[in-house]
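Student: Quick one, work37.cif (mmCIF, C-alpha atoms and all ligand atoms):
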data_input
loop_
_atom_site.label_atom_id
_atom_site.label_comp_id
_atom_site.auth_asym_id
_atom_site.auth_seq_id
_atom_site.Cartn_x
_atom_site.Cartn_y
_atom_site.Cartn_z
CA MET A 21 58.78 103.87 219.53
CA LYS A 22 56.69 103.93 216.39
CA THR A 23 52.97 104.53 216.08
CA PHE A 24 50.43 104.10 213.32
CA ALA A 25 46.78 105.14 213.10
CA CYS A 26 44.81 102.95 210.70
CA GLY A 27 42.38 105.83 210.16
CA ASP A 28 45.13 107.62 208.22
CA ILE A 29 44.59 105.19 205.34
CA ILE A 30 41.19 103.65 206.14
CA PRO A 31 38.82 106.51 206.97
CA GLY A 32 36.59 105.66 209.89
CA CYS A 33 38.87 103.01 211.42
CA GLY A 34 39.77 103.95 214.98
CA SER A 35 42.49 101.36 215.50
CA THR A 36 45.97 102.51 216.48
CA PHE A 37 49.17 100.47 216.82
CA THR A 38 52.37 101.04 218.75
CA ALA A 39 55.62 99.05 218.59
CA ASP A 40 59.34 99.41 219.13
CA ASP A 41 60.04 99.45 215.40
CA GLU A 42 58.45 99.39 211.96
CA ALA A 43 58.48 95.60 211.79
CA GLY A 44 56.47 95.44 214.97
CA ILE A 45 53.87 97.77 213.51
CA LEU A 46 53.62 95.78 210.29
CA ALA A 47 53.19 92.50 212.17
CA GLN A 48 50.12 93.99 213.82
CA THR A 49 48.68 95.79 210.82
CA ARG A 50 48.95 92.72 208.56
CA ARG A 51 46.73 90.79 210.94
CA HIS A 52 44.43 93.79 211.41
CA ALA A 53 44.07 94.25 207.63
CA VAL A 54 42.90 90.67 207.27
CA GLU A 55 40.66 90.52 210.33
CA ALA A 56 39.16 94.01 210.29
CA HIS A 57 39.28 94.99 206.63
CA GLY A 58 38.90 91.68 204.82
CA MET A 59 42.21 91.82 202.98
CA ALA A 60 43.55 88.53 201.64
CA GLU A 61 46.07 86.63 203.76
CA PRO A 62 48.73 87.49 204.73
CA GLY A 63 47.73 91.11 204.26
CA THR A 64 51.13 92.32 203.08
CA ASP A 65 49.40 94.47 200.46
CA SER A 66 48.94 96.99 203.25
CA ASP A 67 52.67 97.32 203.99
CA GLY A 68 53.36 100.18 201.56
CA PRO A 69 50.58 102.50 202.68
CA VAL A 70 51.19 101.65 206.32
CA ARG A 71 54.93 102.40 206.06
CA ALA A 72 54.14 105.79 204.56
CA HIS A 73 52.11 106.74 207.64
CA ILE A 74 54.15 105.29 210.50
CA ARG A 75 55.18 108.07 212.85
CA ASP A 76 57.78 108.40 215.54
CA ALA A 77 56.30 108.31 219.00
CA ALA A 78 57.95 110.18 221.82
ZN ZN A 101 41.81 99.50 210.42
#
Kindly return the structure encoded in the file as structure tokens.
Ligand SMILES: [Zn+2]

Tutor:
Amino acid sequence: MKTFACGDIIPGCGSTFTADDEAGILAQTRRHAVEAHGMAEPGTDSDGPVRAHIRDAA
């Protein structure tokens, strides 16, 4: 399992995401970046920073 806390790159955001793999995290964070942070569709600009902060969950 992988986990990502949006607050690691967007201070003040309390959203967290969990998925079986990195792709599953990115699918969620792309939508979140657009809907919660006003990034342009499809939000793939967030992939790099998100990847750098994805952690392994037990
Ligand atoms: Zn966020």

Student: When distances are computed from all atoms listed in the file, which of A:Ala60, A:Ala25, A:Ala53, A:Ala77 shows the smallest separation from Phe37 (chain A)?

Tutor: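 Nearest to Phe37 (chain A): A:Ala25.
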
Student: Here is a test: counting all atoms listed in the file, which residue of A:Gly58, A:Arg51, A:Asp40, A:Lys22 is nearest to Arg71 (chain A)?

Tutor: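 Closest to Arg71 (chain A) of all the choices is A:Lys22.
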
Student: With all atoms listed in the file counted and 9 Å as the cut-off, give the residues of chain A in contact with ligand ZN 101 (chain A), each with its shortest interatomic distance in Å and the pair that gives it, as CSV.

Tutor:
residue,atom,partner,partner_atom,distance
A:Ala25,CA,A:ZN101,ZN,8.0
A:Cys26,CA,A:ZN101,ZN,4.6
A:Gly27,CA,A:ZN101,ZN,6.4
A:Ile29,CA,A:ZN101,ZN,8.1
A:Ile30,CA,A:ZN101,ZN,6.0
A:Pro31,CA,A:ZN101,ZN,8.4
A:Gly32,CA,A:ZN101,ZN,8.1
A:Cys33,CA,A:ZN101,ZN,4.7
A:Gly34,CA,A:ZN101,ZN,6.7
A:Ser35,CA,A:ZN101,ZN,5.5
A:Thr36,CA,A:ZN101,ZN,7.9
A:Thr49,CA,A:ZN101,ZN,7.8
A:His52,CA,A:ZN101,ZN,6.4
A:Ala53,CA,A:ZN101,ZN,6.4
A:Ala56,CA,A:ZN101,ZN,6.1
A:His57,CA,A:ZN101,ZN,6.4

Student: Could you check how far CA of Ala78 (chain A) sits from CA of Ser66 (chain A), in Å to one decimal?

Tutor: 24.5 Å

Student: What gap, in Å, lies between CA of Asp28 (chain A) and CA of Arg50 (chain A)?

Tutor: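 Those two atoms sit 15.4 Å apart.
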
Student: Please report the interatomic distance between CA of Asp76 (chain A) and CA of Ala43 (chain A) in Å with one decimal.

Tutor: 13.4 Å

Student: Edge lengths and centre in Å to one decimal, as lines of an AutoDock Vina configuration file, of the axis-aligned box that encloses all listed atoms of region 46-60 of chain A with 8 Å added on every side?

Tutor:
center_x = 46.3
center_y = 92.2
center_z = 207.7
size_x = 30.7
size_y = 23.3
size_z = 28.2

Student: Just the residues within 12 Å of Glu42 (chain A), please, counting only C-alpha atoms, with nothing from its chain fewer than 4 positions along; format it as a list in words.

Tutor: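 Close residues of Glu42 (chain A): Met21, Lys22, Thr23, Phe24, Phe37, Thr38, Leu46, Ala47, Gln48, Thr49, Asp67, Gly68, Val70, Arg71, Ala72, His73, Ile74, Arg75, Asp76 and Ala77 of chain A.
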
Student: For the residues in that selection, give me C-alpha atoms as a short mmCIF file (atom, residue, chain, number, x, y, z; two decimals), in the coordinates of the input.

Tutor:
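Once everything was written out, this is part_16.cif:
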data_model
loop_
_atom_site.label_atom_id
_atom_site.label_comp_id
_atom_site.auth_asym_id
_atom_site.auth_seq_id
_atom_site.Cartn_x
_atom_site.Cartn_y
_atom_site.Cartn_z
CA MET A 21 58.78 103.87 219.53
CA LYS A 22 56.69 103.93 216.39
CA THR A 23 52.97 104.53 216.08
CA PHE A 24 50.43 104.10 213.32
CA PHE A 37 49.17 100.47 216.82
CA THR A 38 52.37 101.04 218.75
CA LEU A 46 53.62 95.78 210.29
CA ALA A 47 53.19 92.50 212.17
CA GLN A 48 50.12 93.99 213.82
CA THR A 49 48.68 95.79 210.82
CA ASP A 67 52.67 97.32 203.99
CA GLY A 68 53.36 100.18 201.56
CA VAL A 70 51.19 101.65 206.32
CA ARG A 71 54.93 102.40 206.06
CA ALA A 72 54.14 105.79 204.56
CA HIS A 73 52.11 106.74 207.64
CA ILE A 74 54.15 105.29 210.50
CA ARG A 75 55.18 108.07 212.85
CA ASP A 76 57.78 108.40 215.54
CA ALA A 77 56.30 108.31 219.00
#
